[in-house]
2 protein chains.
Amino acid sequence: MEAAARVIARRGVRGLRVEELAAEAGVSTALIYYHFKDRAGILRRTLEFISDRAERYTSERETPARPLDPRRELEQTLLLELQDEPVVRENSTAWGELRANAVFDPELREDLAKATLIWVQETAELLGQVSPMSPAASLAASAERLTALLEGLSMRWLSGILPLTHARTLLLEAVAVELERLDRK
Amino acid sequence: MEAAARVIARRGVRGLRVEELAAEAGVSTALIYYHFKDRAGILRRTLEFISDRAERYTSERETPARPLDPRRELEQTLLLELQDEPVVRENSTAWGELRANAVFDPELREDLAKATLIWVQETAELLGQVSPMSPAASLAASAERLTALLEGLSMRWLSGILPLTHARTLLLEAVAVELERLDRK
DNA sequence: GTCTATAACGGGATAGAC
DNA sequence: GTCTATCCCGTTATAGAC
């Protein structure tokens, strides 16, 4: 699965070649087909793996001695997706591919919708901890905007047209803008 | 070119089959290769075509008798990309594909970067007309956020996980949020 | 310019031995 | 479980007639 994540990050979902995956994993192509039914099976299982791993590194990141204040917690959680670390890049790339492919492949939409919903809800919850008086609907809207913005920024970063530091700055400002608004309402 | 845009909107850049394009255009595959050097040439020319067409429908949209006030002008321009009309859908889909492919294909990055820059600048200009006292750097940052958000929302819409009306609402609120902030600074 | 027919190739998938 | 060898199909691209 780790080899598959690496190959997808390098070539994309549609660029994954079973032969390249086999080489990356150090086995033969036949063995890949022994463990996975077919190419689609490889992709399905890999995307599950990536999704699980993303939840892990979101929730299990090393907790500092004293818990962060809610605002920092929110910021750090969102910024997690904008880091130039191999695992993060692999996950971000794979998710971008999943989204892009879902436009043409309805089969992928269910996974995508579920993961997106969870992510939006978690973000809304964090926002609620920062701004406890805000109505749920406002929190939900802000969470949808922040996560959609993050996806857009991530895409620009990964496609090399936006430097990572700039993307991070824009995201932090967006958090500030949304929180200012929530507080004023 | 129109046939190519339709096929790309239906199958994606990586899903385009020369045979399907030929059928869509009502000619033989050999004729496609007569007019374009190869598959890459087809894609390059089609993406140029789509880019030109997007500029056209952005700038040439029917101007109402009285010019809109700057705020409406900004909103309408951004909302143009979130419409369920065939041409718009084709363009949005193709741009999403271009971005997704640029992650793995450095050749595409130049076109993408140029088009994105122009779009961000135009948006910053419109923002400046609404909020003339704001410093250029703030306008630029807001324009980057709004366009990146629009890309994220567009992706979610096209992949079927966000209803169009909701996407439009979220975008309009984002415009409001950014303008409130610009005015307060 | 446009066609029919086909060559050439890449890559998914499997047979069968060990 | 794992390999080598290979089949076979879909797709790109071209040859050659009209």
# chains A, B, ... in the order shown; residues from 1 in each chain; ligands from 1
$ residues_around --residues "Leu139 in chain B" --least-positions-apart "2" --cutoff "8 Å" --atoms "only C-alpha atoms (C1' of nucleotides)" --output "CSV table (one decimal) with N, CA, C and O atoms, in the first residue's frame"
chain,number,residue,atom,x,y,z
B,124,ALA,N,-8.6,41.2,-8.6
B,124,ALA,CA,-8.1,42.2,-7.8
B,124,ALA,C,-8.5,43.6,-8.2
B,124,ALA,O,-8.9,44.5,-7.4
B,125,GLU,N,-8.6,43.8,-9.5
B,125,GLU,CA,-9.0,45.1,-10.1
B,125,GLU,C,-10.5,45.3,-9.8
B,125,GLU,O,-10.8,46.4,-9.3
B,127,LEU,N,-12.1,44.1,-7.3
B,127,LEU,CA,-12.2,44.4,-5.8
B,127,LEU,C,-11.8,45.8,-5.6
B,127,LEU,O,-12.4,46.5,-4.7
B,128,GLY,N,-10.8,46.3,-6.3
B,128,GLY,CA,-10.3,47.7,-6.1
B,128,GLY,C,-11.4,48.7,-6.4
B,128,GLY,O,-11.4,49.8,-5.8
B,134,SER,N,-8.4,50.4,-0.4
B,134,SER,CA,-7.6,49.3,0.1
B,134,SER,C,-6.3,49.3,-0.6
B,134,SER,O,-6.2,49.5,-1.8
B,135,PRO,N,-5.2,48.9,0.2
B,135,PRO,CA,-3.9,48.8,-0.4
B,135,PRO,C,-3.9,47.6,-1.4
B,135,PRO,O,-4.6,46.6,-1.2
B,136,ALA,N,-3.0,47.7,-2.4
B,136,ALA,CA,-2.9,46.7,-3.5
B,136,ALA,C,-2.7,45.3,-2.9
B,136,ALA,O,-3.2,44.3,-3.4
B,137,ALA,N,-1.8,45.2,-1.9
B,137,ALA,CA,-1.5,43.9,-1.4
B,137,ALA,C,-2.7,43.2,-0.8
B,137,ALA,O,-2.9,42.0,-0.9
B,141,ALA,N,-4.4,39.7,-2.1
B,141,ALA,CA,-4.6,38.5,-1.2
B,141,ALA,C,-6.0,38.1,-1.3
B,141,ALA,O,-6.4,36.9,-1.4
B,142,SER,N,-7.0,39.1,-1.2
B,142,SER,CA,-8.4,38.7,-1.3
B,142,SER,C,-8.7,38.1,-2.6
B,142,SER,O,-9.5,37.1,-2.7
B,143,ALA,N,-8.1,38.6,-3.7
B,143,ALA,CA,-8.4,38.0,-5.0
B,143,ALA,C,-7.9,36.6,-5.1
B,143,ALA,O,-8.5,35.7,-5.7
B,182,LEU,N,-11.9,44.2,4.0
B,182,LEU,CA,-11.1,45.3,3.3
B,182,LEU,C,-11.6,46.7,3.8
B,182,LEU,O,-10.8,47.6,4.0
$ interface_residues --of "chain B" --to "chain D" --cutoff "9 Å" --atoms "only C-alpha atoms (C1' of nucleotides)" --output "PyMOL selection string"
chain B and resi 17-19+30+33+38-39
$ closest_residue --among "A:Ala102, A:Arg89, A:Leu162, A:Gly152" --to "Arg11 in chain B" --atoms "only C-alpha atoms"
A:Ala102
$ closest_atom_pairs --of "chain B" --to "chain C" --cutoff "12 Å" --atoms "only C-alpha atoms (C1' of nucleotides)" --output "CSV"
residue,atom,partner,partner_atom,distance
B:Gly26,CA,C:DT2,C1',11.4
B:Val27,CA,C:DT2,C1',8.1
B:Ser28,CA,C:DC3,C1',7.2
B:Thr29,CA,C:DC3,C1',9.6
B:Ala30,CA,C:DC3,C1',8.0
B:Leu31,CA,C:DT2,C1',6.5
B:Ile32,CA,C:DT2,C1',10.2
B:Tyr33,CA,C:DT2,C1',11.4
B:Tyr34,CA,C:DG1,C1',8.7
B:His35,CA,C:DG1,C1',9.7
$ interface_residues --of "chain B" --to "chain A" --cutoff "9 Å" --atoms "only C-alpha atoms" --output "PyMOL selection string"
chain B and resi 9-12+14-15+93+96-97+99-106+109-110+112-113+116+141-142+144-153+155-162+170-171+173-174+177-178+180-181
$ write_last_selection --atoms "N, CA and C atoms" --output "CSV table (one decimal), in the first residue's frame"
chain,number,residue,atom,x,y,z
B,9,ALA,N,-14.9,17.5,-21.7
B,9,ALA,CA,-15.8,17.7,-20.6
B,9,ALA,C,-16.5,16.4,-20.2
B,10,ARG,N,-16.6,15.5,-21.2
B,10,ARG,CA,-17.3,14.2,-20.9
B,10,ARG,C,-16.4,13.2,-20.3
B,11,ARG,N,-15.1,13.1,-20.8
B,11,ARG,CA,-14.2,12.0,-20.4
B,11,ARG,C,-13.0,12.5,-19.6
B,12,GLY,N,-12.7,13.8,-19.7
B,12,GLY,CA,-11.5,14.3,-19.0
B,12,GLY,C,-10.4,14.3,-20.0
B,14,ARG,N,-7.4,13.0,-19.6
B,14,ARG,CA,-6.8,11.6,-19.7
B,14,ARG,C,-7.7,10.6,-20.3
B,15,GLY,N,-9.0,10.9,-20.4
B,15,GLY,CA,-10.0,10.0,-20.9
B,15,GLY,C,-10.3,10.2,-22.4
B,93,THR,N,-14.8,22.2,-16.4
B,93,THR,CA,-14.3,20.9,-16.4
B,93,THR,C,-12.9,20.8,-17.0
B,96,GLY,N,-10.4,22.4,-14.7
B,96,GLY,CA,-10.1,21.5,-13.6
B,96,GLY,C,-9.2,20.4,-14.0
B,97,GLU,N,-9.4,19.8,-15.2
B,97,GLU,CA,-8.5,18.8,-15.7
B,97,GLU,C,-7.1,19.3,-15.9
B,99,ARG,N,-5.6,21.8,-14.4
B,99,ARG,CA,-4.9,21.9,-13.1
B,99,ARG,C,-4.5,20.5,-12.5
B,100,ALA,N,-5.4,19.6,-12.6
B,100,ALA,CA,-5.1,18.2,-12.1
B,100,ALA,C,-3.9,17.6,-12.8
B,101,ASN,N,-3.9,17.8,-14.1
B,101,ASN,CA,-2.8,17.2,-14.9
B,101,ASN,C,-1.5,17.9,-14.7
B,102,ALA,N,-1.6,19.2,-14.4
B,102,ALA,CA,-0.4,20.0,-14.2
B,102,ALA,C,0.4,19.5,-13.0
B,103,VAL,N,-0.2,18.8,-12.1
B,103,VAL,CA,0.5,18.3,-10.9
B,103,VAL,C,1.5,17.3,-11.4
B,104,PHE,N,1.3,16.6,-12.5
B,104,PHE,CA,2.2,15.5,-12.9
B,104,PHE,C,2.9,15.8,-14.2
B,105,ASP,N,2.5,16.9,-14.9
B,105,ASP,CA,3.0,17.3,-16.2
B,105,ASP,C,3.5,18.7,-16.2
B,106,PRO,N,4.8,18.9,-15.9
B,106,PRO,CA,5.3,20.3,-15.9
B,106,PRO,C,5.1,21.1,-17.1
B,109,ARG,N,2.3,23.5,-16.9
B,109,ARG,CA,2.3,24.6,-15.8
B,109,ARG,C,2.3,26.0,-16.3
B,110,GLU,N,3.0,26.2,-17.4
B,110,GLU,CA,3.2,27.6,-17.9
B,110,GLU,C,1.9,28.2,-18.3
B,112,LEU,N,-1.1,27.2,-17.4
B,112,LEU,CA,-1.9,27.3,-16.2
B,112,LEU,C,-1.5,28.5,-15.3
B,113,ALA,N,-0.2,28.7,-15.1
B,113,ALA,CA,0.2,29.8,-14.3
B,113,ALA,C,-0.2,31.2,-14.9
B,116,THR,N,-4.0,31.7,-14.6
B,116,THR,CA,-4.4,32.0,-13.2
B,116,THR,C,-4.0,33.4,-12.8
B,141,ALA,N,-4.4,39.7,-2.1
B,141,ALA,CA,-4.6,38.5,-1.2
B,141,ALA,C,-6.0,38.1,-1.3
B,142,SER,N,-7.0,39.1,-1.2
B,142,SER,CA,-8.4,38.7,-1.3
B,142,SER,C,-8.7,38.1,-2.6
B,144,GLU,N,-6.7,36.3,-4.5
B,144,GLU,CA,-6.2,35.0,-4.5
B,144,GLU,C,-7.1,34.0,-3.8
B,145,ARG,N,-7.5,34.5,-2.6
B,145,ARG,CA,-8.4,33.6,-1.8
B,145,ARG,C,-9.7,33.4,-2.6
B,146,LEU,N,-10.3,34.4,-3.1
B,146,LEU,CA,-11.6,34.2,-3.8
B,146,LEU,C,-11.5,33.3,-5.0
B,147,THR,N,-10.5,33.5,-5.8
B,147,THR,CA,-10.3,32.6,-7.0
B,147,THR,C,-10.0,31.2,-6.6
B,148,ALA,N,-9.1,31.0,-5.6
B,148,ALA,CA,-8.8,29.7,-5.1
B,148,ALA,C,-10.1,29.0,-4.5
B,149,LEU,N,-10.8,29.8,-3.8
B,149,LEU,CA,-12.1,29.2,-3.2
B,149,LEU,C,-13.0,28.8,-4.4
B,150,LEU,N,-13.1,29.6,-5.4
B,150,LEU,CA,-14.0,29.3,-6.5
B,150,LEU,C,-13.5,28.0,-7.2
B,151,GLU,N,-12.2,27.8,-7.3
B,151,GLU,CA,-11.7,26.6,-7.9
B,151,GLU,C,-12.1,25.4,-7.0
B,152,GLY,N,-12.0,25.6,-5.7
B,152,GLY,CA,-12.4,24.5,-4.8
B,152,GLY,C,-13.9,24.2,-4.9
B,153,LEU,N,-14.7,25.2,-4.9
B,153,LEU,CA,-16.1,25.0,-5.0
B,153,LEU,C,-16.5,24.4,-6.3
B,155,MET,N,-14.8,22.5,-8.2
B,155,MET,CA,-14.4,21.0,-8.2
B,155,MET,C,-15.5,20.2,-7.4
B,156,ARG,N,-15.9,20.7,-6.3
B,156,ARG,CA,-16.9,20.0,-5.5
B,156,ARG,C,-18.2,19.9,-6.3
B,157,TRP,N,-18.6,21.0,-6.9
B,157,TRP,CA,-19.8,21.0,-7.7
B,157,TRP,C,-19.7,20.0,-8.9
B,158,LEU,N,-18.6,20.1,-9.6
B,158,LEU,CA,-18.5,19.2,-10.8
B,158,LEU,C,-18.4,17.7,-10.4
B,159,SER,N,-17.8,17.5,-9.2
B,159,SER,CA,-17.7,16.1,-8.8
B,159,SER,C,-19.0,15.6,-8.0
B,160,GLY,N,-20.0,16.5,-8.0
B,160,GLY,CA,-21.3,16.1,-7.6
B,160,GLY,C,-21.5,16.0,-6.1
B,161,ILE,N,-20.6,16.6,-5.3
B,161,ILE,CA,-20.8,16.5,-3.9
B,161,ILE,C,-21.3,17.9,-3.3
B,162,LEU,N,-21.5,18.8,-4.1
B,162,LEU,CA,-22.0,20.1,-3.6
B,162,LEU,C,-23.0,20.7,-4.6
B,170,LEU,N,-22.2,30.1,-1.0
B,170,LEU,CA,-21.0,30.2,-0.3
B,170,LEU,C,-20.0,31.2,-0.9
B,171,LEU,N,-20.0,31.2,-2.2
B,171,LEU,CA,-19.1,32.2,-2.9
B,171,LEU,C,-19.5,33.6,-2.6
B,173,GLU,N,-21.2,34.7,-0.1
B,173,GLU,CA,-20.8,35.1,1.3
B,173,GLU,C,-19.3,35.4,1.5
B,174,ALA,N,-18.5,34.6,0.8
B,174,ALA,CA,-17.1,34.9,0.8
B,174,ALA,C,-16.7,36.2,0.3
B,177,VAL,N,-17.6,38.6,3.1
B,177,VAL,CA,-16.6,38.5,4.2
B,177,VAL,C,-15.4,39.3,3.8
B,178,GLU,N,-14.9,39.0,2.6
B,178,GLU,CA,-13.6,39.7,2.2
B,178,GLU,C,-13.8,41.2,2.1
B,180,GLU,N,-16.0,43.1,3.7
B,180,GLU,CA,-16.1,43.7,5.1
B,180,GLU,C,-14.8,43.9,5.6
B,181,ARG,N,-13.9,42.9,5.4
B,181,ARG,CA,-12.6,43.0,6.0
B,181,ARG,C,-11.8,44.2,5.3
$ atom_distance --atom1 "CA of Val130 in chain A" --atom2 "CA of Leu79 in chain A"
16.5 Å
$ closest_residue --among "A:Leu172, A:Leu74, A:Leu43, A:Ile8" --to "Glu107 in chain A" --atoms "only C-alpha atoms"
A:Leu43
$ atom_distance --atom1 "CA of Ala140 in chain A" --atom2 "CA of Leu126 in chain A"
10.6 Å
$ atom_distance --atom1 "CA of Pro86 in chain B" --atom2 "CA of Pro64 in chain B"
22.5 Å
